[in-house]
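Dumped model22.cif below, it's mmCIF, C-alpha atoms and all ligand atoms:
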data_final
loop_
_atom_site.label_atom_id
_atom_site.label_comp_id
_atom_site.auth_asym_id
_atom_site.auth_seq_id
_atom_site.Cartn_x
_atom_site.Cartn_y
_atom_site.Cartn_z
CA MET S 14 -2.34 77.60 44.22
CA LYS S 15 1.08 79.17 44.63
CA LYS S 16 3.30 78.92 41.60
CA ILE S 17 6.62 77.10 41.95
CA VAL S 18 9.03 77.15 39.06
CA PHE S 19 11.91 74.67 39.00
CA LEU S 20 14.96 75.44 36.88
CA THR S 21 16.83 72.19 36.43
CA GLY S 22 20.23 71.38 34.97
CA ALA S 23 22.26 68.26 34.37
CA GLY S 24 22.79 67.73 38.14
CA ILE S 25 19.21 66.58 38.76
CA SER S 26 19.74 63.60 36.44
CA ALA S 27 23.19 62.67 37.78
CA GLU S 28 21.66 60.26 40.32
CA SER S 29 19.75 58.62 37.46
CA GLY S 30 23.07 57.74 35.83
CA ILE S 31 23.42 60.56 33.28
CA PRO S 32 26.71 62.40 33.77
CA THR S 33 26.73 66.20 34.08
CA PHE S 34 28.44 68.48 31.63
CA ARG S 35 31.20 69.57 34.00
CA GLY S 36 33.97 67.91 32.02
CA ALA S 37 32.92 69.96 29.00
CA ILE S 38 34.68 72.94 30.54
CA ASP S 39 37.88 71.17 29.49
CA GLY S 40 36.35 70.43 26.08
CA LEU S 41 35.44 66.80 26.69
CA TRP S 42 32.08 65.15 27.30
CA GLU S 43 31.65 61.39 27.13
CA ASN S 44 35.21 61.34 25.74
CA HIS S 45 34.23 63.53 22.81
CA ASN S 46 35.43 67.00 21.99
CA VAL S 47 32.37 69.21 22.42
CA GLU S 48 33.47 71.42 19.52
CA GLU S 49 33.31 68.41 17.21
CA VAL S 50 29.99 66.92 18.24
CA ALA S 51 27.74 69.50 19.88
CA THR S 52 27.96 72.81 18.05
CA ALA S 53 26.11 74.59 15.26
CA LYS S 54 29.37 74.65 13.28
CA ALA S 55 29.88 70.90 13.70
CA ILE S 56 26.43 69.91 12.41
CA LYS S 57 27.06 72.03 9.28
CA GLU S 58 30.61 70.86 8.66
CA HIS S 59 30.45 67.15 9.50
CA PRO S 60 26.82 66.19 10.19
CA ASP S 61 27.60 62.43 10.04
CA ILE S 62 29.80 62.64 13.14
CA VAL S 63 27.23 64.74 15.04
CA TYR S 64 24.29 62.45 14.20
CA LYS S 65 26.33 59.37 15.11
CA PHE S 66 27.30 60.88 18.46
CA ILE S 67 23.68 61.80 19.27
CA ASN S 68 22.40 58.36 18.19
CA GLU S 69 24.89 56.81 20.61
CA LEU S 70 23.91 59.19 23.40
CA ARG S 71 20.27 58.39 22.87
CA ASN S 72 20.93 54.64 23.04
CA LYS S 73 23.11 54.87 26.08
CA TYR S 74 20.62 56.78 28.22
CA LYS S 75 17.25 55.69 26.88
CA ASP S 76 16.62 53.30 29.77
CA CYS S 77 17.51 55.73 32.58
CA LYS S 78 14.75 56.23 35.11
CA PRO S 79 13.67 59.28 37.11
CA ASN S 80 15.07 59.53 40.64
CA SER S 81 13.32 60.66 43.81
CA ALA S 82 14.09 64.34 43.07
CA HIS S 83 12.22 64.21 39.74
CA LYS S 84 9.38 62.39 41.54
CA ALA S 85 9.23 64.87 44.42
CA ILE S 86 8.84 67.72 41.92
CA ALA S 87 5.96 65.89 40.21
CA ASP S 88 4.32 65.17 43.62
CA LEU S 89 4.29 68.87 44.48
CA GLU S 90 1.61 69.30 41.80
CA LYS S 91 -0.88 68.15 44.47
CA ASP S 92 -0.31 71.39 46.40
CA TYR S 93 1.27 73.84 43.96
CA ASP S 94 1.04 75.04 40.40
CA VAL S 95 4.39 73.60 39.26
CA THR S 96 6.29 74.35 36.07
CA VAL S 97 9.66 72.83 35.25
CA ILE S 98 12.05 74.70 32.99
CA THR S 99 14.85 72.30 32.20
CA GLN S 100 18.14 72.53 30.39
CA ASN S 101 18.17 68.77 30.19
CA ILE S 102 17.65 66.80 27.03
CA ASP S 103 16.49 63.70 28.91
CA ASN S 104 12.76 63.36 29.56
CA LEU S 105 12.98 62.18 33.18
CA HIS S 106 10.69 64.97 34.45
CA GLU S 107 7.92 63.77 32.13
CA GLN S 108 8.56 60.14 33.09
CA ALA S 109 8.24 61.14 36.75
CA GLY S 110 4.82 62.65 36.04
CA SER S 111 5.46 66.40 35.75
CA SER S 112 2.76 67.85 33.54
CA LYS S 113 4.28 71.22 32.59
CA VAL S 114 7.84 70.94 31.33
CA ILE S 115 9.62 73.46 29.12
CA HIS S 116 12.76 72.06 27.49
CA LEU S 117 15.22 74.82 26.72
CA HIS S 118 17.71 72.59 24.94
CA GLY S 119 15.42 70.04 23.28
CA ASP S 120 14.58 66.43 23.98
CA LEU S 121 16.70 63.40 23.17
CA SER S 122 13.61 61.22 22.72
CA LYS S 123 12.53 63.22 19.65
CA VAL S 124 13.68 64.19 16.19
CA ARG S 125 12.45 67.29 14.40
CA ALA S 126 11.65 68.10 10.79
CA ILE S 127 14.15 70.39 9.08
CA GLY S 128 13.02 73.36 7.03
CA THR S 129 9.50 73.77 8.40
CA SER S 130 8.31 77.07 9.84
CA TYR S 131 6.46 75.28 12.65
CA GLU S 132 7.68 72.45 14.89
CA VAL S 133 7.09 68.90 13.64
CA LEU S 134 8.35 66.23 16.04
CA PHE S 135 8.65 62.46 15.74
CA ASP S 136 9.81 59.81 18.19
CA TYR S 137 13.52 59.10 17.86
CA PRO S 138 13.74 55.96 15.70
CA GLU S 139 15.22 52.86 17.41
CA GLU S 140 17.74 52.44 14.58
CA GLY S 141 18.94 56.07 14.87
CA ILE S 142 19.09 58.70 12.13
CA ALA S 143 21.60 59.92 9.55
CA PRO S 144 21.72 63.36 7.86
CA ALA S 145 19.64 62.04 4.94
CA SER S 146 16.98 60.27 7.03
CA GLU S 147 13.36 61.06 6.30
CA ILE S 148 10.17 60.36 8.26
CA ASN S 149 6.77 60.88 6.64
CA GLY S 150 8.50 62.82 3.85
CA PHE S 151 10.29 65.19 6.24
CA LYS S 152 14.08 65.34 6.54
CA VAL S 153 14.82 65.08 10.25
CA ARG S 154 17.53 66.01 12.74
CA PRO S 155 17.93 65.40 16.48
CA HIS S 156 15.65 67.70 18.48
CA ILE S 157 18.54 69.20 20.40
CA VAL S 158 19.83 72.74 20.71
CA LEU S 159 23.56 72.64 19.99
CA PHE S 160 26.01 75.24 21.30
CA GLY S 161 25.74 78.32 19.09
CA GLU S 162 22.13 77.61 18.06
CA ASP S 163 19.10 79.68 19.05
CA VAL S 164 17.12 78.76 22.18
CA PRO S 165 13.57 79.53 21.01
CA ASN S 166 11.93 78.28 24.22
CA ILE S 167 13.60 81.01 26.27
CA ALA S 168 10.69 83.20 25.10
CA LYS S 169 8.25 80.73 26.71
CA ALA S 170 10.32 80.48 29.90
CA ILE S 171 10.65 84.19 30.73
CA PRO S 172 6.93 84.95 31.37
CA VAL S 173 6.69 81.74 33.45
CA ILE S 174 9.62 82.64 35.69
CA LYS S 175 8.30 86.19 36.13
CA GLN S 176 5.11 84.71 37.63
CA ALA S 177 6.93 82.42 40.10
CA ASP S 178 6.03 82.80 43.79
CA ILE S 179 8.91 80.43 44.57
CA CYS S 180 11.84 79.53 42.32
CA VAL S 181 13.98 76.42 42.87
CA VAL S 182 17.20 75.89 40.92
CA ILE S 183 18.63 72.37 40.93
CA GLY S 184 21.95 71.01 39.64
CA THR S 185 23.26 73.69 37.37
CA SER S 186 26.62 75.39 37.26
CA PHE S 187 25.12 78.60 35.78
CA ASN S 188 27.55 78.31 32.89
CA VAL S 189 25.24 77.96 29.90
CA TYR S 190 23.41 81.06 28.64
CA PRO S 191 20.68 82.15 28.13
CA ALA S 192 19.37 79.55 30.63
CA ALA S 193 21.71 80.78 33.38
CA GLY S 194 20.24 84.30 33.17
CA LEU S 195 16.66 83.23 33.90
CA ILE S 196 16.76 83.79 37.67
CA GLN S 197 17.13 87.52 37.11
CA TYR S 198 13.42 87.52 36.16
CA VAL S 199 12.25 86.20 39.57
CA ASP S 200 10.39 88.88 41.51
CA ILE S 201 12.84 90.35 44.02
CA ASN S 202 10.38 89.74 46.90
CA ASN S 203 10.09 86.02 46.19
CA PRO S 204 12.45 83.31 47.43
CA ILE S 205 14.99 81.46 45.30
CA TYR S 206 16.34 78.11 46.52
CA TYR S 207 19.41 76.53 44.93
CA ILE S 208 20.09 72.81 45.45
CA ASP S 209 23.55 71.63 44.37
CA PRO S 210 26.32 69.67 46.15
CA ASN S 211 28.89 72.03 44.67
CA PRO S 212 26.96 75.27 44.21
CA ALA S 213 28.23 77.95 41.85
CA TYR S 214 29.15 81.38 43.20
CA THR S 215 26.10 83.63 42.82
CA PRO S 216 27.19 87.04 44.16
CA GLY S 217 24.37 88.89 42.39
CA TYR S 218 21.81 87.02 44.53
CA PRO S 219 22.68 87.60 48.21
CA ASP S 220 19.34 86.18 49.42
CA ILE S 221 19.49 82.94 47.48
CA LYS S 222 18.87 80.02 49.88
CA VAL S 223 21.53 77.46 49.07
CA ILE S 224 20.85 73.82 49.99
CA LYS S 225 24.27 72.24 49.57
CA ALA S 226 23.19 68.69 48.79
CA THR S 227 22.51 66.30 45.95
CA ALA S 228 19.19 66.68 44.15
CA THR S 229 17.52 63.76 45.98
CA LYS S 230 18.61 64.84 49.51
CA GLY S 231 18.07 68.51 48.72
CA MET S 232 14.50 67.90 47.52
CA GLU S 233 13.76 66.09 50.82
CA GLU S 234 14.92 69.20 52.69
CA LEU S 235 12.99 71.54 50.44
CA VAL S 236 9.74 69.59 50.77
CA LYS S 237 10.09 69.69 54.59
CA GLU S 238 10.72 73.43 54.51
CA LEU S 239 7.71 74.06 52.25
CA ARG S 240 5.50 71.98 54.58
CA ASN S 241 6.59 74.04 57.60
CA LYS S 242 5.62 77.32 55.94
P1 LIG Z 301 26.76 71.39 34.36
O1 LIG Z 301 27.27 70.04 34.04
O2 LIG Z 301 27.52 72.56 33.90
O3 LIG Z 301 26.57 71.52 35.91
C1 LIG Z 301 26.03 70.48 36.62
C2 LIG Z 301 25.79 70.92 38.05
O4 LIG Z 301 25.19 69.82 38.70
C3 LIG Z 301 27.05 71.30 38.82
O5 LIG Z 301 26.86 72.54 39.46
C4 LIG Z 301 27.19 70.15 39.81
O6 LIG Z 301 27.72 70.58 41.06
C5 LIG Z 301 25.76 69.70 39.96
N1 LIG Z 301 25.58 68.33 40.41
C6 LIG Z 301 26.39 67.25 40.26
N2 LIG Z 301 25.85 66.16 40.84
C7 LIG Z 301 24.65 66.55 41.35
C8 LIG Z 301 23.62 65.90 42.07
N3 LIG Z 301 23.69 64.59 42.36
N4 LIG Z 301 22.55 66.62 42.45
C9 LIG Z 301 22.46 67.94 42.15
N5 LIG Z 301 23.40 68.62 41.49
C10 LIG Z 301 24.49 67.93 41.08
O7 LIG Z 301 25.30 71.34 33.83
P2 LIG Z 301 24.36 72.46 33.33
O8 LIG Z 301 24.63 73.72 34.07
O9 LIG Z 301 23.04 71.87 33.35
O10 LIG Z 301 24.82 72.76 31.83
C11 LIG Z 301 25.23 71.82 30.92
C12 LIG Z 301 24.36 71.72 29.67
O11 LIG Z 301 24.58 70.43 29.13
C13 LIG Z 301 22.90 71.76 29.97
O12 LIG Z 301 22.42 72.97 29.55
C14 LIG Z 301 22.27 70.61 29.19
O13 LIG Z 301 21.72 71.08 27.99
C15 LIG Z 301 23.39 69.72 28.83
N6 LIG Z 301 23.37 68.41 29.55
C16 LIG Z 301 22.20 67.74 29.73
C17 LIG Z 301 22.19 66.53 30.41
C18 LIG Z 301 20.87 65.81 30.59
O14 LIG Z 301 19.97 65.99 29.80
N7 LIG Z 301 20.71 65.00 31.65
C19 LIG Z 301 23.37 66.00 30.90
C20 LIG Z 301 24.57 66.72 30.68
C21 LIG Z 301 24.56 67.92 29.99
#

Could you write out this file's structure as structure tokens?
Ligand code: NAD
Amino acid sequence: MKKIVFLTGAGISAESGIPTFRGAIDGLWENHNVEEVATAKAIKEHPDIVYKFINELRNKYKDCKPNSAHKAIADLEKDYDVTVITQNIDNLHEQAGSSKVIHLHGDLSKVRAIGTSYEVLFDYPEEGIAPASEINGFKVRPHIVLFGEDVPNIAKAIPVIKQADICVVIGTSFNVYPAAGLIQYVDINNPIYYIDPNPAYTPGYPDIKVIKATATKGMEELVKELRNK
């Protein structure tokens, strides 16, 4: 089977009701100052505020459902070896049925033990968590990569993207590194598609095939194009 790697950003979940990060360029997301609620510095200096913000985020979006773009990606597993590398902290790809998903920035449905050398994850408790919360004797924090924190899964993503026969980028503004740099690892002979209604300027990639559309419409076009090949 040919290998397709999808690189997805906040845009793929916009039609599921989760807003993108665009406003964060001006420092605001969900009416919060990003510097205060989503950075490595913030979680050290005022962890209560950060945990409270993430608890609220989790509650607000926990009932969102995958849209037809997430489902189309999962359906392609019938004909392709599909891996999804996502910047998203929602788990809509998994809910849609994708079996190989690498989360670069964590997963809002999980909390992680602090101070362990290996990853210990638990389901996010209904009642939320505070900086002192413990589960099974472990102190826990949201399983999210904040701005300024390491992105350990980039090491898993690079070999996967190098192997891609086809790469499809959906709904990202190419603003957040190291995720934004991943397409440089796609073999130069292999196609890159980019689905976004407001695509970013990508001068370094003259052959990139831009599908200027929302994720759901763009995936319909892509699936047709793949069938015709
Ligand atoms: P971004 O907000 O910077 O860019 C979003 C992109 O999605 C834009 O290019 C925009 O044109 C596009 N877009 C908007 N509506 C779309 C649609 N219906 N279909 C397809 N594309 C659409 O997002 P980013 O580049 O992913 O970076 C922001 C970071 O914030 C991410 O790395 C992620 O960690 C985090 N984030 C995650 C979620 C989520 O989990 N759903 C939501 C917001 C932000």

If we draw a sphere of 12 Å around (9.8, 66.2, 14.2), which residues have at least one atom in it when counting all atoms listed in the file? Please report them as a VMD selection string. chain S and resid 119 to 138 146 to 157

What residues of the protein or nucleic acid chains come within 9 Å of ligand LIG 301 (chain Z) when you use all atoms listed in the file? Reply as a PDB file with C-alpha atoms, in the coordinates of the input.
ATOM      1  CA  THR S  21      16.830  72.190  36.430  1.00  0.00           C
ATOM      2  CA  GLY S  22      20.230  71.380  34.970  1.00  0.00           C
ATOM      3  CA  ALA S  23      22.260  68.260  34.370  1.00  0.00           C
ATOM      4  CA  GLY S  24      22.790  67.730  38.140  1.00  0.00           C
ATOM      5  CA  ILE S  25      19.210  66.580  38.760  1.00  0.00           C
ATOM      6  CA  SER S  26      19.740  63.600  36.440  1.00  0.00           C
ATOM      7  CA  ALA S  27      23.190  62.670  37.780  1.00  0.00           C
ATOM      8  CA  GLU S  28      21.660  60.260  40.320  1.00  0.00           C
ATOM      9  CA  SER S  29      19.750  58.620  37.460  1.00  0.00           C
ATOM     10  CA  GLY S  30      23.070  57.740  35.830  1.00  0.00           C
ATOM     11  CA  ILE S  31      23.420  60.560  33.280  1.00  0.00           C
ATOM     12  CA  PRO S  32      26.710  62.400  33.770  1.00  0.00           C
ATOM     13  CA  THR S  33      26.730  66.200  34.080  1.00  0.00           C
ATOM     14  CA  PHE S  34      28.440  68.480  31.630  1.00  0.00           C
ATOM     15  CA  ARG S  35      31.200  69.570  34.000  1.00  0.00           C
ATOM     16  CA  GLY S  36      33.970  67.910  32.020  1.00  0.00           C
ATOM     17  CA  ALA S  37      32.920  69.960  29.000  1.00  0.00           C
ATOM     18  CA  ILE S  38      34.680  72.940  30.540  1.00  0.00           C
ATOM     19  CA  TRP S  42      32.080  65.150  27.300  1.00  0.00           C
ATOM     20  CA  TYR S  74      20.620  56.780  28.220  1.00  0.00           C
ATOM     21  CA  ALA S  82      14.090  64.340  43.070  1.00  0.00           C
ATOM     22  CA  THR S  99      14.850  72.300  32.200  1.00  0.00           C
ATOM     23  CA  GLN S 100      18.140  72.530  30.390  1.00  0.00           C
ATOM     24  CA  ASN S 101      18.170  68.770  30.190  1.00  0.00           C
ATOM     25  CA  ILE S 102      17.650  66.800  27.030  1.00  0.00           C
ATOM     26  CA  ASP S 103      16.490  63.700  28.910  1.00  0.00           C
ATOM     27  CA  ASN S 104      12.760  63.360  29.560  1.00  0.00           C
ATOM     28  CA  LEU S 105      12.980  62.180  33.180  1.00  0.00           C
ATOM     29  CA  LEU S 117      15.220  74.820  26.720  1.00  0.00           C
ATOM     30  CA  HIS S 118      17.710  72.590  24.940  1.00  0.00           C
ATOM     31  CA  GLY S 119      15.420  70.040  23.280  1.00  0.00           C
ATOM     32  CA  ASP S 120      14.580  66.430  23.980  1.00  0.00           C
ATOM     33  CA  LEU S 121      16.700  63.400  23.170  1.00  0.00           C
ATOM     34  CA  ILE S 157      18.540  69.200  20.400  1.00  0.00           C
ATOM     35  CA  VAL S 158      19.830  72.740  20.710  1.00  0.00           C
ATOM     36  CA  LEU S 159      23.560  72.640  19.990  1.00  0.00           C
ATOM     37  CA  PHE S 160      26.010  75.240  21.300  1.00  0.00           C
ATOM     38  CA  ILE S 183      18.630  72.370  40.930  1.00  0.00           C
ATOM     39  CA  GLY S 184      21.950  71.010  39.640  1.00  0.00           C
ATOM     40  CA  THR S 185      23.260  73.690  37.370  1.00  0.00           C
ATOM     41  CA  SER S 186      26.620  75.390  37.260  1.00  0.00           C
ATOM     42  CA  PHE S 187      25.120  78.600  35.780  1.00  0.00           C
ATOM     43  CA  ASN S 188      27.550  78.310  32.890  1.00  0.00           C
ATOM     44  CA  VAL S 189      25.240  77.960  29.900  1.00  0.00           C
ATOM     45  CA  TYR S 190      23.410  81.060  28.640  1.00  0.00           C
ATOM     46  CA  ALA S 192      19.370  79.550  30.630  1.00  0.00           C
ATOM     47  CA  ALA S 193      21.710  80.780  33.380  1.00  0.00           C
ATOM     48  CA  ILE S 208      20.090  72.810  45.450  1.00  0.00           C
ATOM     49  CA  ASP S 209      23.550  71.630  44.370  1.00  0.00           C
ATOM     50  CA  PRO S 210      26.320  69.670  46.150  1.00  0.00           C
ATOM     51  CA  ASN S 211      28.890  72.030  44.670  1.00  0.00           C
ATOM     52  CA  PRO S 212      26.960  75.270  44.210  1.00  0.00           C
ATOM     53  CA  ALA S 213      28.230  77.950  41.850  1.00  0.00           C
ATOM     54  CA  LYS S 225      24.270  72.240  49.570  1.00  0.00           C
ATOM     55  CA  ALA S 226      23.190  68.690  48.790  1.00  0.00           C
ATOM     56  CA  THR S 227      22.510  66.300  45.950  1.00  0.00           C
ATOM     57  CA  ALA S 228      19.190  66.680  44.150  1.00  0.00           C
ATOM     58  CA  THR S 229      17.520  63.760  45.980  1.00  0.00           C
ATOM     59  CA  LYS S 230      18.610  64.840  49.510  1.00  0.00           C
ATOM     60  CA  GLY S 231      18.070  68.510  48.720  1.00  0.00           C
TER      61      GLY S 231
END

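Between atom CA of S:Ile174 and atom CA of S:Ser112 lies a distance of 16.4 Å.
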
Residues within 10 Å of S:His59, all atoms listed in the file, excluding chain neighbours under 3 positions, as number ranges by chain: S: 49-50, 54-56, 62-64, 144

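Among the candidate residues S:Val97, S:Ile142, S:Val182, S:Ala177, the one lying nearest to S:Pro60 is S:Ile142, with distances computed using only C-alpha atoms.
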
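One finds atom CA of S:Lys84 at 26.4 Å from atom CA of S:Pro191.
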
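Take atom CA of S:Gln197 and atom CA of S:Gly217: the distance between them is 9.1 Å.
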
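Excluding S:Tyr206 and any residue on its chain fewer than 6 positions from it, the residues at most 6 Å away by only C-alpha atoms are Val181, Ile221, Lys222 and Val223 of chain S.
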
Keeping C-alpha atoms, export the residues of the selection given above as a PDB file, keeping the file's coordinate frame.
ATOM      1  CA  VAL S 181      13.980  76.420  42.870  1.00  0.00           C
ATOM      2  CA  ILE S 221      19.490  82.940  47.480  1.00  0.00           C
ATOM      3  CA  LYS S 222      18.870  80.020  49.880  1.00  0.00           C
ATOM      4  CA  VAL S 223      21.530  77.460  49.070  1.00  0.00           C
TER       5      VAL S 223
END

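Nearest residue to S:Asp94, choosing from S:Lys15, S:Lys169, S:Arg71, S:Lys113 and counting all atoms listed in the file: S:Lys15.
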
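Nearest residue to S:Ile171 among S:Val95, S:Ile67, S:Val199, S:Ala109 is S:Val199, counting only C-alpha atoms.
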